[in-house]
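Structure file structure_29.pdb (PDB, C-alpha atoms, pLDDT in the B column) is printed below.
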ATOM      1  CA  MET H1114     116.198   1.950 -53.737  1.00 85.00           C
ATOM      2  CA  ALA H1115     113.134   0.005 -52.639  1.00 96.00           C
ATOM      3  CA  LYS H1116     113.019  -0.980 -48.961  1.00 98.00           C
ATOM      4  CA  LEU H1117     111.941  -3.834 -46.705  1.00 98.00           C
ATOM      5  CA  TYR H1118     109.473  -2.673 -44.056  1.00 98.00           C
ATOM      6  CA  PHE H1119     108.486  -4.649 -40.951  1.00 98.00           C
ATOM      7  CA  ARG H1120     105.306  -3.507 -39.246  1.00 97.00           C
ATOM      8  CA  TYR H1121     104.846  -5.464 -36.039  1.00 97.00           C
ATOM      9  CA  GLY H1122     102.575  -5.420 -33.038  1.00 96.00           C
ATOM     10  CA  ALA H1123     100.809  -7.561 -30.466  1.00 95.00           C
ATOM     11  CA  MET H1124      97.655  -9.439 -31.384  1.00 91.00           C
ATOM     12  CA  ASN H1125      94.707  -7.182 -32.284  1.00 90.00           C
ATOM     13  CA  SER H1126      96.902  -4.245 -33.279  1.00 94.00           C
ATOM     14  CA  GLY H1127      95.426  -4.028 -36.785  1.00 93.00           C
ATOM     15  CA  LYS H1128      98.231  -5.641 -38.784  1.00 95.00           C
ATOM     16  CA  SER H1129      96.081  -7.466 -41.361  1.00 94.00           C
ATOM     17  CA  THR H1130      93.750  -4.479 -41.559  1.00 95.00           C
ATOM     18  CA  GLY H1131      96.725  -2.227 -42.279  1.00 96.00           C
ATOM     19  CA  LEU H1132      97.982  -4.594 -44.964  1.00 97.00           C
ATOM     20  CA  LEU H1133      94.613  -4.659 -46.723  1.00 96.00           C
ATOM     21  CA  GLN H1134      94.382  -0.869 -46.516  1.00 96.00           C
ATOM     22  CA  ALA H1135      97.853  -0.538 -48.054  1.00 97.00           C
ATOM     23  CA  ALA H1136      96.833  -2.871 -50.902  1.00 97.00           C
ATOM     24  CA  PHE H1137      93.698  -0.789 -51.492  1.00 96.00           C
ATOM     25  CA  ASN H1138      95.716   2.430 -51.587  1.00 97.00           C
ATOM     26  CA  TYR H1139      98.045   1.071 -54.276  1.00 97.00           C
ATOM     27  CA  GLU H1140      95.237  -0.373 -56.383  1.00 97.00           C
ATOM     28  CA  GLU H1141      93.162   2.798 -56.133  1.00 97.00           C
ATOM     29  CA  ARG H1142      96.011   4.442 -58.044  1.00 96.00           C
ATOM     30  CA  GLY H1143      96.028   1.764 -60.720  1.00 96.00           C
ATOM     31  CA  GLN H1144      99.066  -0.094 -59.415  1.00 97.00           C
ATOM     32  CA  ARG H1145      99.522  -3.838 -59.078  1.00 97.00           C
ATOM     33  CA  VAL H1146     100.311  -5.449 -55.733  1.00 98.00           C
ATOM     34  CA  LEU H1147     100.964  -9.022 -54.639  1.00 98.00           C
ATOM     35  CA  LEU H1148      99.630 -10.381 -51.347  1.00 98.00           C
ATOM     36  CA  ALA H1149     101.197 -13.427 -49.721  1.00 97.00           C
ATOM     37  CA  LYS H1150     101.234 -15.293 -46.442  1.00 96.00           C
ATOM     38  CA  PRO H1151     102.971 -18.389 -45.031  1.00 96.00           C
ATOM     39  CA  GLN H1152     101.100 -21.615 -45.713  1.00 95.00           C
ATOM     40  CA  VAL H1153     101.400 -22.614 -42.042  1.00 92.00           C
ATOM     41  CA  ASP H1154      98.856 -19.911 -41.204  1.00 88.00           C
ATOM     42  CA  SER H1155      95.756 -22.049 -41.704  1.00 80.00           C
ATOM     43  CA  LYS H1156      93.342 -19.412 -40.401  1.00 78.00           C
ATOM     44  CA  GLY H1157      91.161 -18.476 -43.352  1.00 75.00           C
ATOM     45  CA  GLU H1158      93.014 -21.005 -45.527  1.00 82.00           C
ATOM     46  CA  ASP H1159      94.215 -18.930 -48.513  1.00 89.00           C
ATOM     47  CA  GLN H1160      92.530 -15.756 -47.268  1.00 92.00           C
ATOM     48  CA  ILE H1161      94.056 -12.802 -45.456  1.00 93.00           C
ATOM     49  CA  VAL H1162      91.614 -12.186 -42.624  1.00 89.00           C
ATOM     50  CA  SER H1163      91.152  -8.922 -40.748  1.00 89.00           C
ATOM     51  CA  ARG H1164      89.458  -8.882 -37.352  1.00 82.00           C
ATOM     52  CA  LEU H1165      87.180  -6.166 -38.749  1.00 84.00           C
ATOM     53  CA  GLY H1166      85.669  -8.818 -41.004  1.00 83.00           C
ATOM     54  CA  VAL H1167      87.430  -7.815 -44.222  1.00 88.00           C
ATOM     55  CA  THR H1168      89.040 -10.684 -46.139  1.00 90.00           C
ATOM     56  CA  ARG H1169      90.940 -11.044 -49.374  1.00 95.00           C
ATOM     57  CA  GLU H1170      92.481 -14.000 -51.147  1.00 96.00           C
ATOM     58  CA  ALA H1171      96.267 -14.090 -51.086  1.00 96.00           C
ATOM     59  CA  ASP H1172      97.932 -14.168 -54.495  1.00 96.00           C
ATOM     60  CA  PHE H1173     100.198 -16.956 -53.304  1.00 96.00           C
ATOM     61  CA  LEU H1174     101.043 -18.987 -50.204  1.00 96.00           C
ATOM     62  CA  ILE H1175     104.588 -19.587 -48.999  1.00 97.00           C
ATOM     63  CA  PRO H1176     105.157 -23.240 -48.020  1.00 97.00           C
ATOM     64  CA  PRO H1177     107.830 -24.226 -45.495  1.00 96.00           C
ATOM     65  CA  GLY H1178     111.176 -24.608 -47.244  1.00 96.00           C
ATOM     66  CA  ALA H1179     109.990 -22.807 -50.370  1.00 97.00           C
ATOM     67  CA  ASN H1180     112.235 -20.529 -52.413  1.00 97.00           C
ATOM     68  CA  LEU H1181     110.430 -17.225 -51.913  1.00 98.00           C
ATOM     69  CA  MET H1182     112.336 -15.423 -54.638  1.00 97.00           C
ATOM     70  CA  ALA H1183     111.279 -18.077 -57.172  1.00 97.00           C
ATOM     71  CA  LEU H1184     107.637 -17.858 -56.040  1.00 97.00           C
ATOM     72  CA  PHE H1185     107.730 -14.075 -56.348  1.00 97.00           C
ATOM     73  CA  ARG H1186     109.189 -14.163 -59.865  1.00 96.00           C
ATOM     74  CA  GLN H1187     106.496 -16.628 -60.973  1.00 94.00           C
ATOM     75  CA  GLN H1188     103.829 -14.198 -59.788  1.00 95.00           C
ATOM     76  CA  VAL H1189     105.537 -11.215 -61.413  1.00 94.00           C
ATOM     77  CA  ARG H1190     105.375 -13.016 -64.769  1.00 89.00           C
ATOM     78  CA  GLY H1191     101.752 -13.972 -64.180  1.00 84.00           C
ATOM     79  CA  ASP H1192     102.588 -17.696 -64.105  1.00 72.00           C
ATOM     80  CA  ASP H1193     100.263 -20.132 -62.337  1.00 67.00           C
ATOM     81  CA  PRO H1194     101.849 -23.575 -61.833  1.00 62.00           C
ATOM     82  CA  THR H1195      98.462 -25.052 -60.828  1.00 60.00           C
ATOM     83  CA  ALA H1196      96.685 -23.979 -64.045  1.00 53.00           C
ATOM     84  CA  LEU H1197      96.256 -26.023 -67.223  1.00 48.00           C
ATOM     85  CA  LEU H1198      98.323 -23.394 -69.043  1.00 51.00           C
ATOM     86  CA  THR H1199     101.007 -22.382 -66.579  1.00 55.00           C
ATOM     87  CA  HIS H1200     102.178 -19.395 -68.610  1.00 55.00           C
ATOM     88  CA  LEU H1201     100.370 -16.989 -70.898  1.00 56.00           C
ATOM     89  CA  ASP H1202     102.149 -14.469 -73.114  1.00 59.00           C
ATOM     90  CA  ALA H1203      99.758 -11.687 -72.099  1.00 63.00           C
ATOM     91  CA  GLU H1204     101.286  -8.441 -70.886  1.00 76.00           C
ATOM     92  CA  VAL H1205     101.144  -7.989 -67.110  1.00 83.00           C
ATOM     93  CA  LYS H1206     101.639  -4.845 -65.061  1.00 91.00           C
ATOM     94  CA  PRO H1207     104.837  -4.493 -63.050  1.00 95.00           C
ATOM     95  CA  VAL H1208     104.470  -5.178 -59.338  1.00 97.00           C
ATOM     96  CA  ALA H1209     104.481  -1.994 -57.249  1.00 97.00           C
ATOM     97  CA  CYS H1210     104.607  -3.676 -53.840  1.00 98.00           C
ATOM     98  CA  LEU H1211     104.729  -7.104 -52.158  1.00 98.00           C
ATOM     99  CA  LEU H1212     102.672  -7.339 -48.957  1.00 98.00           C
ATOM    100  CA  VAL H1213     103.232 -10.289 -46.613  1.00 98.00           C
ATOM    101  CA  ASP H1214     100.885 -11.128 -43.745  1.00 97.00           C
ATOM    102  CA  GLU H1215     101.788 -13.252 -40.682  1.00 96.00           C
ATOM    103  CA  ALA H1216     105.461 -12.769 -41.522  1.00 97.00           C
ATOM    104  CA  GLN H1217     106.569 -14.197 -38.170  1.00 97.00           C
ATOM    105  CA  PHE H1218     105.945 -17.668 -39.640  1.00 96.00           C
ATOM    106  CA  LEU H1219     108.505 -17.194 -42.422  1.00 98.00           C
ATOM    107  CA  GLU H1220     111.823 -18.994 -42.233  1.00 98.00           C
ATOM    108  CA  PRO H1221     114.934 -16.797 -41.861  1.00 98.00           C
ATOM    109  CA  THR H1222     116.096 -17.692 -45.391  1.00 98.00           C
ATOM    110  CA  GLN H1223     112.707 -16.582 -46.739  1.00 98.00           C
ATOM    111  CA  VAL H1224     113.109 -13.246 -44.966  1.00 98.00           C
ATOM    112  CA  ASP H1225     116.510 -12.988 -46.660  1.00 98.00           C
ATOM    113  CA  ASP H1226     114.636 -13.297 -49.975  1.00 98.00           C
ATOM    114  CA  LEU H1227     112.322 -10.452 -48.963  1.00 98.00           C
ATOM    115  CA  LEU H1228     115.367  -8.217 -48.654  1.00 98.00           C
ATOM    116  CA  ARG H1229     116.648  -9.416 -52.044  1.00 98.00           C
ATOM    117  CA  ILE H1230     113.262  -8.671 -53.623  1.00 98.00           C
ATOM    118  CA  ALA H1231     113.396  -5.105 -52.314  1.00 98.00           C
ATOM    119  CA  VAL H1232     117.051  -4.421 -53.101  1.00 98.00           C
ATOM    120  CA  LEU H1233     117.676  -6.466 -56.253  1.00 97.00           C
ATOM    121  CA  GLU H1234     114.207  -6.478 -57.842  1.00 97.00           C
ATOM    122  CA  GLY H1235     113.401  -2.891 -56.854  1.00 97.00           C
ATOM    123  CA  VAL H1236     110.004  -3.800 -55.345  1.00 98.00           C
ATOM    124  CA  PRO H1237     109.064  -2.448 -51.897  1.00 98.00           C
ATOM    125  CA  VAL H1238     108.159  -5.203 -49.431  1.00 98.00           C
ATOM    126  CA  MET H1239     105.839  -4.620 -46.471  1.00 98.00           C
ATOM    127  CA  ALA H1240     105.849  -7.460 -43.947  1.00 98.00           C
ATOM    128  CA  TYR H1241     103.329  -7.560 -41.103  1.00 98.00           C
ATOM    129  CA  GLY H1242     103.550  -9.810 -38.069  1.00 97.00           C
ATOM    130  CA  ILE H1243     104.009 -10.263 -34.353  1.00 96.00           C
ATOM    131  CA  ARG H1244     107.418 -10.042 -32.736  1.00 95.00           C
ATOM    132  CA  THR H1245     107.232 -12.646 -29.960  1.00 95.00           C
ATOM    133  CA  ASP H1246     105.226 -15.731 -29.058  1.00 94.00           C
ATOM    134  CA  PHE H1247     103.165 -16.453 -25.934  1.00 94.00           C
ATOM    135  CA  ARG H1248     106.362 -17.317 -24.029  1.00 93.00           C
ATOM    136  CA  THR H1249     107.940 -13.938 -24.962  1.00 95.00           C
ATOM    137  CA  ALA H1250     110.432 -15.645 -27.322  1.00 94.00           C
ATOM    138  CA  SER H1251     111.061 -14.261 -30.805  1.00 96.00           C
ATOM    139  CA  PHE H1252     109.731 -16.049 -33.845  1.00 96.00           C
ATOM    140  CA  PRO H1253     112.647 -16.871 -36.187  1.00 96.00           C
ATOM    141  CA  GLY H1254     111.043 -14.904 -39.021  1.00 97.00           C
ATOM    142  CA  SER H1255     110.457 -11.854 -36.836  1.00 98.00           C
ATOM    143  CA  ALA H1256     113.967 -11.972 -35.419  1.00 98.00           C
ATOM    144  CA  ARG H1257     115.409 -11.969 -38.941  1.00 98.00           C
ATOM    145  CA  LEU H1258     113.130  -9.114 -39.990  1.00 98.00           C
ATOM    146  CA  MET H1259     114.337  -7.097 -37.009  1.00 98.00           C
ATOM    147  CA  GLU H1260     117.886  -7.656 -38.243  1.00 98.00           C
ATOM    148  CA  LEU H1261     117.313  -6.890 -41.938  1.00 98.00           C
ATOM    149  CA  ALA H1262     114.420  -4.484 -42.366  1.00 98.00           C
ATOM    150  CA  HIS H1263     115.224  -0.943 -43.481  1.00 98.00           C
ATOM    151  CA  SER H1264     112.247   0.351 -41.507  1.00 98.00           C
ATOM    152  CA  LEU H1265     110.622  -0.916 -38.292  1.00 98.00           C
ATOM    153  CA  GLU H1266     107.206   0.333 -37.213  1.00 97.00           C
ATOM    154  CA  GLU H1267     105.328  -0.765 -34.115  1.00 96.00           C
ATOM    155  CA  LEU H1268     101.530  -0.966 -34.421  1.00 96.00           C
ATOM    156  CA  LYS H1269      99.997  -0.376 -31.019  1.00 95.00           C
ATOM    157  CA  THR H1270      97.049  -1.835 -29.146  1.00 96.00           C
ATOM    158  CA  ILE H1271      95.882  -1.740 -25.546  1.00 96.00           C
ATOM    159  CA  CYS H1272      95.700  -4.254 -22.723  1.00 97.00           C
ATOM    160  CA  ARG H1273      92.473  -5.007 -20.819  1.00 96.00           C
ATOM    161  CA  CYS H1274      93.738  -2.627 -18.095  1.00 97.00           C
ATOM    162  CA  GLY H1275      94.220   0.261 -20.531  1.00 97.00           C
ATOM    163  CA  ARG H1276      98.017   0.137 -20.703  1.00 97.00           C
ATOM    164  CA  LYS H1277      99.907  -0.512 -23.934  1.00 97.00           C
ATOM    165  CA  ALA H1278      99.863  -4.235 -24.772  1.00 97.00           C
ATOM    166  CA  ILE H1279     103.214  -5.724 -25.739  1.00 96.00           C
ATOM    167  CA  PHE H1280     102.879  -9.458 -25.003  1.00 95.00           C
ATOM    168  CA  ASN H1281     100.718 -12.187 -26.552  1.00 94.00           C
ATOM    169  CA  THR H1282      99.192 -14.716 -24.157  1.00 94.00           C
ATOM    170  CA  ARG H1283      97.707 -18.053 -25.184  1.00 93.00           C
ATOM    171  CA  LYS H1284      94.424 -19.438 -23.881  1.00 91.00           C
ATOM    172  CA  VAL H1285      92.973 -22.918 -24.050  1.00 88.00           C
ATOM    173  CA  VAL H1286      89.470 -24.057 -23.193  1.00 82.00           C
ATOM    174  CA  ASP H1287      88.764 -26.618 -20.485  1.00 75.00           C
ATOM    175  CA  THR H1288      85.399 -28.359 -20.545  1.00 67.00           C
ATOM    176  CA  VAL H1289      83.975 -28.610 -17.025  1.00 63.00           C
ATOM    177  CA  ALA H1290      81.412 -31.270 -16.132  1.00 60.00           C
ATOM    178  CA  GLY H1291      77.998 -29.879 -15.255  1.00 58.00           C
ATOM    179  CA  HIS H1292      78.082 -30.867 -11.569  1.00 53.00           C
ATOM    180  CA  ASP H1293      81.505 -29.214 -11.176  1.00 54.00           C
ATOM    181  CA  ALA H1294      80.440 -26.003 -12.853  1.00 52.00           C
ATOM    182  CA  GLY H1295      77.422 -25.321 -10.616  1.00 54.00           C
ATOM    183  CA  PRO H1296      73.732 -26.285 -10.605  1.00 52.00           C
ATOM    184  CA  ALA H1297      72.540 -23.632 -13.078  1.00 52.00           C
ATOM    185  CA  THR H1298      75.451 -23.855 -15.500  1.00 49.00           C
ATOM    186  CA  SER H1299      74.690 -23.673 -19.222  1.00 50.00           C
ATOM    187  CA  ALA H1300      76.668 -25.466 -21.965  1.00 50.00           C
ATOM    188  CA  ARG H1301      78.531 -22.222 -22.645  1.00 51.00           C
ATOM    189  CA  GLU H1302      79.409 -21.702 -18.994  1.00 56.00           C
ATOM    190  CA  SER H1303      80.839 -25.218 -18.727  1.00 63.00           C
ATOM    191  CA  ARG H1304      83.723 -24.201 -21.012  1.00 70.00           C
ATOM    192  CA  ARG H1305      86.399 -22.255 -19.168  1.00 80.00           C
ATOM    193  CA  GLU H1306      89.354 -20.439 -20.701  1.00 83.00           C
ATOM    194  CA  ARG H1307      92.718 -20.450 -18.973  1.00 89.00           C
ATOM    195  CA  PHE H1308      96.140 -19.042 -19.809  1.00 91.00           C
ATOM    196  CA  VAL H1309      98.947 -21.455 -20.681  1.00 90.00           C
ATOM    197  CA  PHE H1310     102.686 -20.808 -20.809  1.00 90.00           C
ATOM    198  CA  GLU H1311     103.875 -24.176 -22.154  1.00 87.00           C
ATOM    199  CA  GLY H1312     103.478 -25.671 -25.615  1.00 87.00           C
ATOM    200  CA  ASP H1313     104.533 -25.443 -29.245  1.00 86.00           C
ATOM    201  CA  GLN H1314     105.479 -22.045 -30.578  1.00 89.00           C
ATOM    202  CA  VAL H1315     102.984 -22.217 -33.463  1.00 84.00           C
ATOM    203  CA  ALA H1316      99.278 -22.693 -32.725  1.00 80.00           C
ATOM    204  CA  ILE H1317      96.867 -20.788 -34.956  1.00 71.00           C
ATOM    205  CA  ASP H1318      94.518 -18.267 -33.349  1.00 66.00           C
ATOM    206  CA  GLY H1319      90.900 -19.394 -33.477  1.00 61.00           C
ATOM    207  CA  VAL H1320      91.822 -22.827 -34.831  1.00 56.00           C
ATOM    208  CA  GLU H1321      93.557 -24.540 -31.909  1.00 68.00           C
ATOM    209  CA  VAL H1322      93.720 -21.810 -29.271  1.00 83.00           C
ATOM    210  CA  THR H1323      92.890 -18.146 -28.672  1.00 88.00           C
ATOM    211  CA  TYR H1324      95.144 -15.256 -27.695  1.00 91.00           C
ATOM    212  CA  GLU H1325      94.926 -12.082 -25.651  1.00 94.00           C
ATOM    213  CA  SER H1326      97.295  -9.112 -25.799  1.00 96.00           C
ATOM    214  CA  LEU H1327      98.523  -7.969 -22.389  1.00 96.00           C
ATOM    215  CA  CYS H1328     100.802  -5.325 -20.956  1.00 97.00           C
ATOM    216  CA  GLY H1329     103.874  -6.331 -18.972  1.00 96.00           C
ATOM    217  CA  VAL H1330     102.097  -5.982 -15.620  1.00 97.00           C
ATOM    218  CA  CYS H1331      99.099  -8.149 -16.562  1.00 97.00           C
ATOM    219  CA  TYR H1332     101.301 -10.721 -18.307  1.00 96.00           C
ATOM    220  CA  LEU H1333     103.465 -11.193 -15.208  1.00 96.00           C
ATOM    221  CA  GLU H1334     100.363 -11.433 -13.010  1.00 95.00           C
ATOM    222  CA  GLU H1335      98.927 -14.219 -15.168  1.00 94.00           C
ATOM    223  CA  SER H1336     102.251 -16.058 -15.558  1.00 94.00           C
ATOM    224  CA  GLY H1337     103.178 -15.836 -11.886  1.00 93.00           C
ATOM    225  CA  GLY H1338     106.178 -13.666 -12.725  1.00 93.00           C
ATOM    226  CA  ARG H1339     107.480 -16.052 -15.359  1.00 90.00           C
ATOM    227  CA  LEU H1340     109.079 -14.892 -18.621  1.00 89.00           C
ATOM    228  CA  GLY H1341     110.059 -17.430 -21.271  1.00 74.00           C
TER
END
This structure in structure tokens:
Amino acid sequence: MAKLYFRYGAMNSGKSTGLLQAAFNYEERGQRVLLAKPQVDSKGEDQIVSRLGVTREADFLIPPGANLMALFRQQVRGDDPTALLTHLDAEVKPVACLLVDEAQFLEPTQVDDLLRIAVLEGVPVMAYGIRTDFRTASFPGSARLMELAHSLEELKTICRCGRKAIFNTRKVVDTVAGHDAGPATSARESRRERFVFEGDQVAIDGVEVTYESLCGVCYLEESGGRLG
């Protein structure tokens, strides 16, 4: 029986890189894979973006409220609802694996469909994502993956202090007026990053905010001992 895998880790733990490597491994052996990501992840638009600089276009995006099983079956058949001819009778290879990036942004019902794809369609599903947000609360998609996945694998990265990073912290940029920033301050130096622990759960890295992975000690130092 095919399985649902959830590979999770803090920011900068190589999740997208691992996904792209897995896709390469399958295709090197002549097998067909499908790559997908939630539409809410606007970073790179329809691209899966690795921090190493490697990118690849996703085969399909998953909009909020979408029926993921239906989207998957369209792709299996080779259908393209945006094309002039939505279906061609050409033979297509069977799908050997579905790889999903930024899986924390999926809705719980869409994660349910990932399990159905693995169990009922016989296609292994590898989902990659982060477990918790900058307030240490679970994303709904990640929480459901923790409940359903046959296999859980933590991808590790390190904090600035050298310990294992487990938390994701959010940073925003404040623009400081020149006279407040010092007499010899450049335009770059007048922009100061600070950690924030309030705000919406979803804010895309590099688009609205930036993130830093921290260990428990450094996170509590920055948050003043606050969790959640």
Could I get the residues of stretch 1235-1279 of chain H with an atom no further than 10 Å from an atom of stretch 1123-1141 of chain H, each paired with its nearest atom pair and that distance in Å to one decimal, using only C-alpha atoms, sorted by chain and residue number, as CSV?
residue,atom,partner,partner_atom,distance
H:Met1239,CA,H:Leu1132,CA,8.0
H:Ala1240,CA,H:Leu1132,CA,8.4
H:Tyr1241,CA,H:Lys1128,CA,5.9
H:Gly1242,CA,H:Lys1128,CA,6.8
H:Ile1243,CA,H:Ala1123,CA,5.7
H:Arg1244,CA,H:Ala1123,CA,7.4
H:Thr1245,CA,H:Ala1123,CA,8.2
H:Asp1246,CA,H:Ala1123,CA,9.4
H:Glu1267,CA,H:Ala1123,CA,8.9
H:Leu1268,CA,H:Ser1126,CA,5.8
H:Lys1269,CA,H:Ser1126,CA,5.4
H:Thr1270,CA,H:Ser1126,CA,4.8
H:Ile1271,CA,H:Ser1126,CA,8.2
H:Cys1272,CA,H:Ala1123,CA,9.8
H:Lys1277,CA,H:Ala1123,CA,9.7
H:Ala1278,CA,H:Ala1123,CA,6.7
H:Ile1279,CA,H:Ala1123,CA,5.6
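Distance-wise, atom CA of H:Gly1337 and atom CA of H:Phe1247 end up 14.1 Å apart.
Atom pair atom CA of H:Thr1249 / atom CA of H:Glu1306: separated by 20.1 Å.
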Wanna dump the stretch 1162-1193 of chain H-stretch 1212-1221 of chain H contacts at 9 Å for me, each residue with its shortest atom pair and the distance in Å to one decimal, counting only C-alpha atoms, ordered by chain and number, as CSV?
residue,atom,partner,partner_atom,distance
H:Ile1175,CA,H:Leu1219,CA,8.0
H:Pro1176,CA,H:Leu1219,CA,8.9
H:Pro1177,CA,H:Glu1220,CA,7.3
H:Gly1178,CA,H:Glu1220,CA,7.6
Residues near H:Thr1323, anyone? I mean within 8 Å using all atoms listed in the file, not counting same-chain ones fewer than 5 positions away, as a compact mmCIF listing (two decimals) with C-alpha atoms, in the frame of the given file.
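Once written, part32.txt looks like this:
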# COMPACT_ATOMS: atom_id res chain seq x y z
CA ARG H 1283 97.71 -18.05 -25.18
CA LYS H 1284 94.42 -19.44 -23.88
CA VAL H 1285 92.97 -22.92 -24.05
CA ILE H 1317 96.87 -20.79 -34.96
CA ASP H 1318 94.52 -18.27 -33.35
May I have the protein, DNA and RNA residues with any atom at most 10 Å from the point (113.4, -8.8, -55.0), counting only C-alpha atoms, written as a PDB file with C-alpha atoms, in the frame of the given file?
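Below you can see selection_11.pdb, which holds the result:
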ATOM      1  CA  ALA H1115     113.134   0.005 -52.639  1.00 96.00           C
ATOM      2  CA  LYS H1116     113.019  -0.980 -48.961  1.00 98.00           C
ATOM      3  CA  LEU H1117     111.941  -3.834 -46.705  1.00 98.00           C
ATOM      4  CA  LEU H1181     110.430 -17.225 -51.913  1.00 98.00           C
ATOM      5  CA  MET H1182     112.336 -15.423 -54.638  1.00 97.00           C
ATOM      6  CA  ALA H1183     111.279 -18.077 -57.172  1.00 97.00           C
ATOM      7  CA  PHE H1185     107.730 -14.075 -56.348  1.00 97.00           C
ATOM      8  CA  ARG H1186     109.189 -14.163 -59.865  1.00 96.00           C
ATOM      9  CA  LEU H1211     104.729  -7.104 -52.158  1.00 98.00           C
ATOM     10  CA  ASP H1225     116.510 -12.988 -46.660  1.00 98.00           C
ATOM     11  CA  ASP H1226     114.636 -13.297 -49.975  1.00 98.00           C
ATOM     12  CA  LEU H1227     112.322 -10.452 -48.963  1.00 98.00           C
ATOM     13  CA  LEU H1228     115.367  -8.217 -48.654  1.00 98.00           C
ATOM     14  CA  ARG H1229     116.648  -9.416 -52.044  1.00 98.00           C
ATOM     15  CA  ILE H1230     113.262  -8.671 -53.623  1.00 98.00           C
ATOM     16  CA  ALA H1231     113.396  -5.105 -52.314  1.00 98.00           C
ATOM     17  CA  VAL H1232     117.051  -4.421 -53.101  1.00 98.00           C
ATOM     18  CA  LEU H1233     117.676  -6.466 -56.253  1.00 97.00           C
ATOM     19  CA  GLU H1234     114.207  -6.478 -57.842  1.00 97.00           C
ATOM     20  CA  GLY H1235     113.401  -2.891 -56.854  1.00 97.00           C
ATOM     21  CA  VAL H1236     110.004  -3.800 -55.345  1.00 98.00           C
ATOM     22  CA  PRO H1237     109.064  -2.448 -51.897  1.00 98.00           C
ATOM     23  CA  VAL H1238     108.159  -5.203 -49.431  1.00 98.00           C
TER      24      VAL H1238
END
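Distance-wise, atom CA of H:Val1224 and atom CA of H:Glu1266 end up 16.7 Å apart.
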Residues selected by the PyMOL selection byres ((chain H and resi 1161) around 8), written as a PyMOL selection string: chain H and resi 1129+1150+1157+1159-1160+1162-1163+1168-1171+1214
Once 8 Å is added on each side, what centre and edge lengths in Å to one decimal does the axis-aligned box around all listed atoms of stretch 1251-1269 of chain H have, as JSON?
{"center_x": 108.9, "center_y": -8.3, "center_z": -37.1, "size_x": 33.9, "size_y": 33.2, "size_z": 28.7}
Rank nothing, just name the residue among H:Val1322, H:Leu1340, H:Ala1209, H:Ala1149 nearest to H:Ala1250, using only C-alpha atoms. H:Leu1340
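Around H:Thr1282, within 8 Å and counting only C-alpha atoms, the residues found are Asp1246, Phe1247, Arg1248, Phe1280, Lys1284, Phe1308, Val1309, Phe1310, Tyr1324, Glu1325, Ser1326, Leu1327 and Tyr1332 of chain H, once anything fewer than 2 positions away on its own chain is removed.
Counting all atoms listed in the file and comparing H:Ser1251, H:Ser1336, H:Asn1180, H:Gln1187, the residue that lies closest to H:Val1315 is H:Ser1251.
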Enumerate, as an NGL selection string, the residues matched when the PyMOL selection byres ((chain H and resi 1207) around 9) is run on the file above. :H and (1144-1146 or 1189-1190 or 1205-1206 or 1208-1209)
Could you save the residues just selected, with C-alpha atoms, as a PDB file, keeping the file's coordinate frame?
ATOM      1  CA  GLN H1144      99.066  -0.094 -59.415  1.00 97.00           C
ATOM      2  CA  ARG H1145      99.522  -3.838 -59.078  1.00 97.00           C
ATOM      3  CA  VAL H1146     100.311  -5.449 -55.733  1.00 98.00           C
ATOM      4  CA  VAL H1189     105.537 -11.215 -61.413  1.00 94.00           C
ATOM      5  CA  ARG H1190     105.375 -13.016 -64.769  1.00 89.00           C
ATOM      6  CA  VAL H1205     101.144  -7.989 -67.110  1.00 83.00           C
ATOM      7  CA  LYS H1206     101.639  -4.845 -65.061  1.00 91.00           C
ATOM      8  CA  VAL H1208     104.470  -5.178 -59.338  1.00 97.00           C
ATOM      9  CA  ALA H1209     104.481  -1.994 -57.249  1.00 97.00           C
TER      10      ALA H1209
END
